[in-house]
Amino acid sequence: MTKKNNEAKAILRITDVTHSFDGKIALDNVSFEVYEGEFLAILGPSGCGKTTILRNLIGLLFPDEGKIYLDDKDITCAAPSERDMGIVFQNYALFENMTVLQNVQYAMKFRKDMKADSKKLALDMLERMGLSEHANKKPNMLSGGQQQRVAIARTLVLHPRVILFDEPMSALDVETRLSLRKEIKQIQAEFGTTMIYITHDQEEAFAMADRIMVMDNSKIVQLDTPINIIKNPADAYVQRFVLDNLQTKIDSLAKYIDV
């Protein structure tokens, strides 16, 4: 994010959102803002509510209470197609019977302003993503990292206001994950897209995010920059779940430095 938070526009506002499943609260009166061009990581263990936030934002779920605004427009009950958001799923959700080009082109099928030029726009996007040589391949001919890039290309070609990532690297090997981290940040810098990234990996969140929203038991525990979370953890949970886990990883590597 190029601007400081107090200078940037809040593109997305979530106000007092509550969501429950069969009487069990998954989100408890959650409120936060996301700034234009920001990379926000939502960090927490399984079951903390982070995926429920994502599904409420994209329109796959609707809150029991509260409001969601995009560019000051109330989208709380809007259909996914009306939200100007894109999502990159954990399993990529590519069409196996289509080529890479057809997968990216399909994203524009229902956009009247893009449909006529969809092939050219798809080819241009594949070139920008370094995927041109794979345009005529089926997804099962690609590596996991390449499939992830196709999923990102398919989302980016629509120029959404916000892109949501649902733990997109959990199935990838370490080397590919490190490479994709850099690529996603480069993509954000090039396109200026606002990104919200769901993860349970502390290292991943700190490596990529402008701000990190730490969650536990359906609530936001701390929302701040990585450096402020390190310097001033909100409570013992943040200290244990975030900082102690990071320190453990650092210590496990430190013993090899002088070898």
# chains A, B, ... in the order shown; residues from 1 in each chain; ligands from 1

call {"tool": "residues_around", "arguments": {"residues": "Gly145 of chain A", "least_positions_apart": "6", "cutoff": "9 Å", "atoms": "only C-alpha atoms", "output": "number ranges by chain"}}
result
A: 169, 172-173, 176-177, 179-180

call {"tool": "write_last_selection", "arguments": {"atoms": "C-alpha atoms", "output": "PDB file, in the first residue's frame"}}
result
ATOM      1  CA  MET A 169      -0.982 -21.928  -0.810  1.00  0.00           C
ATOM      2  CA  LEU A 172       1.785 -26.205  -2.367  1.00  0.00           C
ATOM      3  CA  ASP A 173       5.367 -27.170  -1.569  1.00  0.00           C
ATOM      4  CA  THR A 176       6.469 -22.841  -4.777  1.00  0.00           C
ATOM      5  CA  ARG A 177       4.878 -21.010  -1.863  1.00  0.00           C
ATOM      6  CA  SER A 179       7.877 -17.984  -5.206  1.00  0.00           C
ATOM      7  CA  LEU A 180       4.146 -17.267  -5.284  1.00  0.00           C
TER       8      LEU A 180
END

call {"tool": "residues_around", "arguments": {"residues": "Leu243 of chain A", "least_positions_apart": "2", "cutoff": "9 Å", "atoms": "only C-alpha atoms", "output": "PyMOL selection string"}}
result
chain A and resi 202+229-230+233+238-241+245-248

call {"tool": "select_by_dssp", "arguments": {"residues": "segment 5-226 of chain A", "states": "strand (DSSP E)", "output": "ChimeraX atom specification"}}
result
/A:10-21,24-35,39-43,65-70,73-74,85-88,162-166,194-199,211-216,219-224

call {"tool": "select_by_dssp", "arguments": {"residues": "segment 19-247 of chain A", "states": "helix (DSSP H, G or I)", "output": "PyMOL selection string"}}
result
chain A and resi 50-58+80-82+100-106+115-128+132-134+139-141+144-156+174-191+202-208+226-231+236-247

call {"tool": "write_last_selection", "arguments": {"atoms": "C-alpha atoms", "output": "tab-separated table (two decimals), in the first residue's frame"}}
result
chain	number	residue	atom	x	y	z
A	50	LYS	CA	-11.79	-16.08	9.17
A	51	THR	CA	-13.38	-18.18	6.40
A	52	THR	CA	-16.85	-17.07	7.54
A	53	ILE	CA	-15.73	-13.47	7.03
A	54	LEU	CA	-14.54	-14.28	3.52
A	55	ARG	CA	-17.82	-15.99	2.62
A	56	ASN	CA	-19.85	-13.05	3.93
A	57	LEU	CA	-17.69	-10.62	1.95
A	58	ILE	CA	-18.01	-12.51	-1.35
A	80	PRO	CA	-21.75	-12.40	-5.59
A	81	SER	CA	-21.89	-11.13	-9.20
A	82	GLU	CA	-22.90	-7.67	-7.97
A	100	VAL	CA	-5.85	-22.44	-19.59
A	101	LEU	CA	-6.94	-19.86	-22.16
A	102	GLN	CA	-10.54	-21.03	-22.03
A	103	ASN	CA	-10.54	-20.92	-18.22
A	104	VAL	CA	-9.44	-17.29	-18.19
A	105	GLN	CA	-11.72	-16.39	-21.10
A	106	TYR	CA	-14.72	-18.00	-19.36
A	115	LYS	CA	-17.29	-10.61	-24.02
A	116	ALA	CA	-16.44	-9.47	-27.56
A	117	ASP	CA	-12.73	-9.02	-26.74
A	118	SER	CA	-12.49	-11.86	-24.24
A	119	LYS	CA	-9.89	-13.91	-26.14
A	120	LYS	CA	-7.54	-10.95	-26.61
A	121	LEU	CA	-7.96	-9.86	-22.98
A	122	ALA	CA	-7.32	-13.42	-21.79
A	123	LEU	CA	-4.18	-13.76	-23.93
A	124	ASP	CA	-2.90	-10.41	-22.69
A	125	MET	CA	-3.45	-11.46	-19.09
A	126	LEU	CA	-1.70	-14.80	-19.62
A	127	GLU	CA	1.28	-12.97	-21.07
A	128	ARG	CA	1.44	-10.60	-18.09
A	132	SER	CA	1.46	-17.75	-22.52
A	133	GLU	CA	3.27	-21.02	-23.27
A	134	HIS	CA	0.62	-22.91	-21.28
A	139	PRO	CA	-5.10	-27.78	-15.87
A	140	ASN	CA	-3.99	-31.36	-15.16
A	141	MET	CA	-0.88	-30.74	-17.27
A	144	GLY	CA	0.21	-26.64	-8.53
A	145	GLY	CA	1.96	-23.28	-8.74
A	146	GLN	CA	1.00	-22.86	-12.40
A	147	GLN	CA	-2.62	-23.73	-11.63
A	148	GLN	CA	-2.58	-21.10	-8.91
A	149	ARG	CA	-1.33	-18.50	-11.37
A	150	VAL	CA	-4.13	-19.42	-13.78
A	151	ALA	CA	-6.69	-18.98	-10.99
A	152	ILE	CA	-5.21	-15.56	-10.20
A	153	ALA	CA	-5.17	-14.58	-13.90
A	154	ARG	CA	-8.83	-15.58	-14.24
A	155	THR	CA	-9.69	-13.31	-11.32
A	156	LEU	CA	-7.48	-10.38	-12.35
A	174	VAL	CA	7.60	-24.71	0.27
A	175	GLU	CA	9.61	-23.57	-2.76
A	176	THR	CA	6.47	-22.84	-4.78
A	177	ARG	CA	4.88	-21.01	-1.86
A	178	LEU	CA	7.89	-18.72	-1.48
A	179	SER	CA	7.88	-17.98	-5.21
A	180	LEU	CA	4.15	-17.27	-5.28
A	181	ARG	CA	4.39	-14.91	-2.31
A	182	LYS	CA	6.70	-12.68	-4.32
A	183	GLU	CA	4.53	-12.98	-7.42
A	184	ILE	CA	1.32	-12.04	-5.60
A	185	LYS	CA	3.00	-8.97	-4.10
A	186	GLN	CA	4.36	-8.02	-7.53
A	187	ILE	CA	0.88	-8.44	-9.01
A	188	GLN	CA	-0.57	-6.23	-6.31
A	189	ALA	CA	2.04	-3.55	-7.02
A	190	GLU	CA	1.39	-3.71	-10.77
A	191	PHE	CA	-2.41	-3.75	-10.66
A	202	GLN	CA	2.03	-16.62	10.77
A	203	GLU	CA	5.14	-16.41	8.60
A	204	GLU	CA	3.05	-15.99	5.45
A	205	ALA	CA	0.99	-13.18	6.97
A	206	PHE	CA	4.02	-11.25	8.18
A	207	ALA	CA	5.87	-11.70	4.88
A	208	MET	CA	3.04	-10.35	2.73
A	226	PRO	CA	3.18	-6.37	11.44
A	227	ILE	CA	5.73	-4.21	13.24
A	228	ASN	CA	3.16	-2.89	15.74
A	229	ILE	CA	1.93	-6.40	16.47
A	230	ILE	CA	5.51	-7.48	17.19
A	231	LYS	CA	6.19	-4.45	19.39
A	236	ALA	CA	-1.38	-13.24	25.75
A	237	TYR	CA	-3.14	-14.97	22.86
A	238	VAL	CA	-1.42	-12.79	20.23
A	239	GLN	CA	1.88	-13.28	22.03
A	240	ARG	CA	1.47	-17.05	22.03
A	241	PHE	CA	-0.22	-17.72	18.67
A	242	VAL	CA	1.66	-15.15	16.62
A	243	LEU	CA	4.95	-14.12	18.18
A	244	ASP	CA	5.93	-17.32	19.97
A	245	ASN	CA	5.25	-19.35	16.81
A	246	LEU	CA	7.36	-16.98	14.73
A	247	GLN	CA	10.16	-17.11	17.28

call {"tool": "closest_residue", "arguments": {"among": "A:Met195, A:Ile163, A:Met213, A:Leu60", "to": "Leu43 of chain A", "atoms": "only C-alpha atoms"}}
result
A:Met213

call {"tool": "atom_distance", "arguments": {"atom1": "atom CA of Ser20 of chain A", "atom2": "atom CA of Glu38 of chain A"}}
result
28.3 Å

call {"tool": "atom_distance", "arguments": {"atom1": "atom CA of Ala10 of chain A", "atom2": "atom CA of Val34 of chain A"}}
result
5.5 Å

call {"tool": "atom_distance", "arguments": {"atom1": "atom CA of Val30 of chain A", "atom2": "atom CA of Asp16 of chain A"}}
result
5.0 Å
